[in-house]
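Structure, as structure tokens:
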There are 2 protein chains.
Amino acid sequence: MSVAERGNDRLLRALRREAVDRTPIWIMRQAGRYLPEYRATRSRAGDFLTLCKTPELACEVTLQPLRRFPLDAAILFSDILTIPDAMGLGLGFTEGEGPRFARPVRDRRAVDNLGVPDPEGDLRYVLDAARAVRRELDGSVPLIGFAGSPWTLATYMVEGGSSRDFRHIKTLLYDTPDTLHRLLRTLSDAVQIYLAAQVSAGAQALMLFDTWGGALAHGDYQAFSLAYMHRVVDYLRTEAPEIPVILFTKGGGLWLEEIAATGCAGIGLDWTVDLAQARDRVGTQVALQGNLDPAALFARPAAIRQRVASLLAAYGAGPGHVFNLGHGIDQHVDPGHVTALVEAVHELSAQYHRPGPDPASN
Amino acid sequence: MSVAERGNDRLLRALRREAVDRTPIWIMRQAGRYLPEYRATRSRAGDFLTLCKTPELACEVTLQPLRRFPLDAAILFSDILTIPDAMGLGLGFTEGEGPRFARPVRDRRAVDNLGVPDPEGDLRYVLDAARAVRRELDGSVPLIGFAGSPWTLATYMVEGGSSRDFRHIKTLLYDTPDTLHRLLRTLSDAVQIYLAAQVSAGAQALMLFDTWGGALAHGDYQAFSLAYMHRVVDYLRTEAPEIPVILFTKGGGLWLEEIAATGCAGIGLDWTVDLAQARDRVGTQVALQGNLDPAALFARPAAIRQRVASLLAAYGAGPGHVFNLGHGIDQHVDPGHVTALVEAVHELSAQYHRPGPDPASN
């Protein structure tokens, strides 16, 4: 039974640029540390990876924000590094330091040795969680599946963890680009079958997180990040043509036209982008998702409401806007401020969706 | 005696968009930790702040890169945090942690208590260093002075040091913008007289480093960063009309037209910006400085040369280009790679500066 028949399909309609009654909203990292109930479940799990790998707990934290806030979508609780973990790189998380790989990938031989994980094999826990969430949601709101972009996954795999200067992967990029292209090709193979498997398990929309695409020089972004996201989009348009795919490159505001040209359904925008200009630049090709400064949630509810009003006005009338932050929600945000945000989006957006001619399609 | 009469004035000519024989190059943080002679002087000083505050040592490290590489400019060795230090915030540097202020500025009272430092008072060591450098350079290449942008200085002062989420200053911005505006006004007063004093002490070009402007939302950048840089530019155009001012907002590629409209002489570009598109966007209003990916210097000299060739071709023929990295040079770079960079820029750029009609002024 589809969500359209049973429940809230604002997100899917907005991504198809169809009319909605209110602008849909979900929040990147909505199942996360700012929620006390998340922290409780995580502490029950013991550590972050166990939480990710235990389907009933991953399902539980996926649903937590939906019990508090009238959000228009669920996003599967997981991590972008599940794929390199399943490739056998030895993933660990150290408190305050972020992810570390025991066996970084730094040369041709290491790249050649990488296999493409079978989603129903070492990644089955993700799909089991998706199936459980879909069951629990029971058509109330759609479920978003996701993966890291091939480039973003490669940065962690080559650097061995988070990085500020991307020294190892950039050396590979400049000195032995063929090796990096081979790694990115393997990763895009892995990402595309992983996302298709998430769809089979119940995901109704998909998002690629290209967190580090904005660290690339102009030209390199196109060759080493966008080209591989494009490849994933092409695959999914064949394998799961009804599923909208959102591409989000943090720091990618200069490249919106090229991102739109991949055939994705939506583009995620960070908060440096003017939503009105972005809409002008991409026309009616894609939906736009974003783009409140995540730090605006530190402000008082009245200030949050004012910022919501500005963003809704910047996008203007007509369909194709999915409200979100421009990056993940911060762990120090007061959940009460999220209530204010969601209410403001739903209340203030209705005026932009009155029946009548759609100004955007003129 | 002016540099134009005695020595290499490529930088000043390029910033005025006048014809040159080769594209000038200097490197952000060219006096820095990648040079063994810098590390030796710093260790002689004992710590970073003592190095900054001892004019003969600051002069020495300013000149070190010019002894190794045929660079087209010197930039005064100093730190952007000299101003808040002179305001009495208690600056310290901890190894690996970056700057810390003992007394962060977090409320209206703290903002109201800030004074504007007299450059020839608590900042005299900077001006003494500039005078010494100018004497030593003896007209060989121009000397660039600099300051942090008001917004960027404010981030350190309010956060108490480096930040990832800018939680405190963004809360101020959203909840009590008047307090932040007052702080930024005080800082722009301080920055403008400090830069004018650097000119009196010998600086022949000026640069404002807006390292964190790109952390602001669209709209907030204009109101909280650009407006105050504009104020500084206006002041300097009256007080030192012959001195070119370069504005550099890291992550500011979406806002080039607005930056150019301040009346600055040049815009610094980070490496995400397409130099050809940037030139189209700003026309002949300003010079452009940049924008090699700093990580390209980890690559082999042949790859560096290839990237230099691409950037020079992207800018194309005619004046107005100052070659630089898109951000400061990394401490792990091999100085031999810098030799390759400077040689490549000088050798490969000559073809773009042949006498004849200037395509850019058509």
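Ordered as shown in the structure tokens, chains take letters A, B, and onward, while each chain numbers its residues from 1 and ligands are numbered from 1 in the order shown.
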
For chain B, work out the contacting residues on chain A at 8 Å, counting only C-alpha atoms, and write them as a short mmCIF file (atom, residue, chain, number, x, y, z; two decimals) with N, CA and C atoms, in the first residue's frame.
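The resulting file, result14.cif, is reproduced below:
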```
data_model
loop_
_atom_site.label_atom_id
_atom_site.label_comp_id
_atom_site.auth_asym_id
_atom_site.auth_seq_id
_atom_site.Cartn_x
_atom_site.Cartn_y
_atom_site.Cartn_z
N ASP A 165 42.83 18.52 5.39
CA ASP A 165 43.55 18.94 4.17
C ASP A 165 43.44 17.93 3.03
N PHE A 166 42.88 16.74 3.28
CA PHE A 166 42.71 15.73 2.23
C PHE A 166 44.03 15.45 1.51
N ARG A 167 45.10 15.41 2.30
CA ARG A 167 46.43 15.30 1.74
C ARG A 167 46.65 14.03 0.94
N LYS A 170 44.18 13.81 -2.21
CA LYS A 170 44.51 14.81 -3.23
C LYS A 170 45.83 14.45 -3.92
N THR A 171 46.75 13.86 -3.19
CA THR A 171 48.00 13.42 -3.83
C THR A 171 47.68 12.35 -4.87
N TYR A 174 46.06 14.06 -7.91
CA TYR A 174 46.95 14.81 -8.80
C TYR A 174 48.01 13.92 -9.44
N ASP A 175 48.52 12.93 -8.68
CA ASP A 175 49.65 12.15 -9.19
C ASP A 175 49.23 10.88 -9.92
N GLY A 214 32.71 19.75 -1.90
CA GLY A 214 33.11 21.16 -1.88
C GLY A 214 34.58 21.38 -1.53
N ALA A 215 35.30 20.30 -1.23
CA ALA A 215 36.75 20.43 -0.99
C ALA A 215 37.54 20.31 -2.28
N LEU A 216 36.84 20.00 -3.36
CA LEU A 216 37.51 19.80 -4.65
C LEU A 216 37.59 21.09 -5.44
N ALA A 217 38.66 21.21 -6.21
CA ALA A 217 38.79 22.35 -7.12
C ALA A 217 37.75 22.25 -8.22
N HIS A 218 37.40 23.42 -8.76
CA HIS A 218 36.55 23.43 -9.95
C HIS A 218 37.21 22.56 -11.03
N GLY A 219 36.44 21.73 -11.64
CA GLY A 219 37.00 20.82 -12.65
C GLY A 219 37.20 19.45 -12.01
N GLY A 251 28.81 22.88 0.01
CA GLY A 251 29.76 23.78 -0.66
C GLY A 251 29.66 23.70 -2.18
N GLY A 253 27.37 25.17 -4.16
CA GLY A 253 26.47 26.20 -4.69
C GLY A 253 26.87 26.76 -6.04
N LEU A 254 28.16 26.67 -6.38
CA LEU A 254 28.59 27.18 -7.69
C LEU A 254 28.22 26.24 -8.83
N TRP A 271 23.49 26.50 3.35
CA TRP A 271 22.89 27.79 3.70
C TRP A 271 23.58 29.00 3.09
N THR A 272 24.67 28.77 2.35
CA THR A 272 25.32 29.91 1.69
C THR A 272 24.62 30.30 0.40
N VAL A 273 23.73 29.43 -0.07
CA VAL A 273 23.08 29.64 -1.36
C VAL A 273 21.80 30.45 -1.18
N ASP A 274 21.60 31.43 -2.04
CA ASP A 274 20.35 32.19 -2.06
C ASP A 274 19.30 31.32 -2.76
N LEU A 292 18.13 26.21 5.67
CA LEU A 292 18.33 27.02 6.88
C LEU A 292 19.71 26.74 7.47
N ASP A 293 20.42 27.78 7.86
CA ASP A 293 21.67 27.65 8.60
C ASP A 293 21.41 26.79 9.84
N ALA A 295 22.90 26.61 12.46
CA ALA A 295 23.14 27.39 13.68
C ALA A 295 21.94 28.28 14.02
N ALA A 296 21.02 28.48 13.08
CA ALA A 296 19.82 29.26 13.40
C ALA A 296 19.01 28.58 14.49
N PHE A 298 20.10 27.50 17.21
CA PHE A 298 20.55 27.97 18.53
C PHE A 298 19.77 29.22 18.95
N ALA A 299 19.13 29.88 18.01
CA ALA A 299 18.42 31.13 18.30
C ALA A 299 17.08 30.87 18.98
N ARG A 300 16.47 31.94 19.45
CA ARG A 300 15.15 31.83 20.08
C ARG A 300 14.09 31.48 19.03
N ALA A 303 13.15 34.12 16.46
CA ALA A 303 14.14 34.34 15.40
C ALA A 303 14.12 33.21 14.39
#
```

Fewer than 5 positions away in the same chain doesn't count, so skip those; otherwise give me all residues within 9 Å of Val111 (chain B), counting only C-alpha atoms, as a short mmCIF file (atom, residue, chain, number, x, y, z; two decimals) with N, CA and C atoms, in the first residue's frame.
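Writing done, so here's out15.cif:
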```cif
data_model
loop_
_atom_site.label_atom_id
_atom_site.label_comp_id
_atom_site.auth_asym_id
_atom_site.auth_seq_id
_atom_site.Cartn_x
_atom_site.Cartn_y
_atom_site.Cartn_z
N VAL B 105 34.38 37.58 24.15
CA VAL B 105 33.42 38.69 24.15
C VAL B 105 32.04 38.10 23.84
N ARG B 106 31.17 38.03 24.84
CA ARG B 106 29.91 37.32 24.58
C ARG B 106 28.66 38.12 24.86
N THR B 179 23.94 43.88 19.00
CA THR B 179 25.20 43.73 19.74
C THR B 179 26.33 43.31 18.79
N LEU B 180 26.01 42.38 17.89
CA LEU B 180 27.04 41.95 16.93
C LEU B 180 27.42 43.09 16.00
N ARG B 182 27.40 46.18 16.69
CA ARG B 182 28.26 47.11 17.42
C ARG B 182 29.70 46.59 17.49
N LEU B 183 29.84 45.30 17.75
CA LEU B 183 31.18 44.70 17.77
C LEU B 183 31.86 44.86 16.41
N THR B 186 33.05 48.44 15.83
CA THR B 186 34.30 48.70 16.56
C THR B 186 35.48 48.04 15.84
#
```

TODO: Would you mind writing down, as a PyMOL selection string, each residue of region 49-255 of chain B that DSSP on the backbone assigns to strand (DSSP E)?
DONE: chain B and resi 74-75+91-94+98-101+143-148+205-210+245-249

- [ ] Extract the full set of helix (DSSP H, G or I) residues from region 34-257 of chain A according to DSSP on the backbone, and format it as an NGL selection string.
- [x] :A and (36-45 or 48-53 or 55-68 or 82-86 or 108-112 or 124-137 or 150-159 or 167-175 or 177-200 or 213-215 or 220-239 or 253-257)

Open item on the list: For Ala287 (chain A), find every residue with an atom within 12 Å (counting only C-alpha atoms), except residues of its own chain fewer than 4 positions away, and show them as a count of residues only.
Closed with: 40

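The interatomic distance for the pair CA of Glu159 (chain A) and CA of Gln30 (chain A) works out to 27.4 Å.
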
Open item on the list: Using only C-alpha atoms for the distances, tell me which of A:Leu71, A:Ala240, A:Leu311, A:Ala129 is nearest to Leu51 (chain A).
Closed with: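 Distance minimum relative to Leu51 (chain A) lands on A:Ala129.
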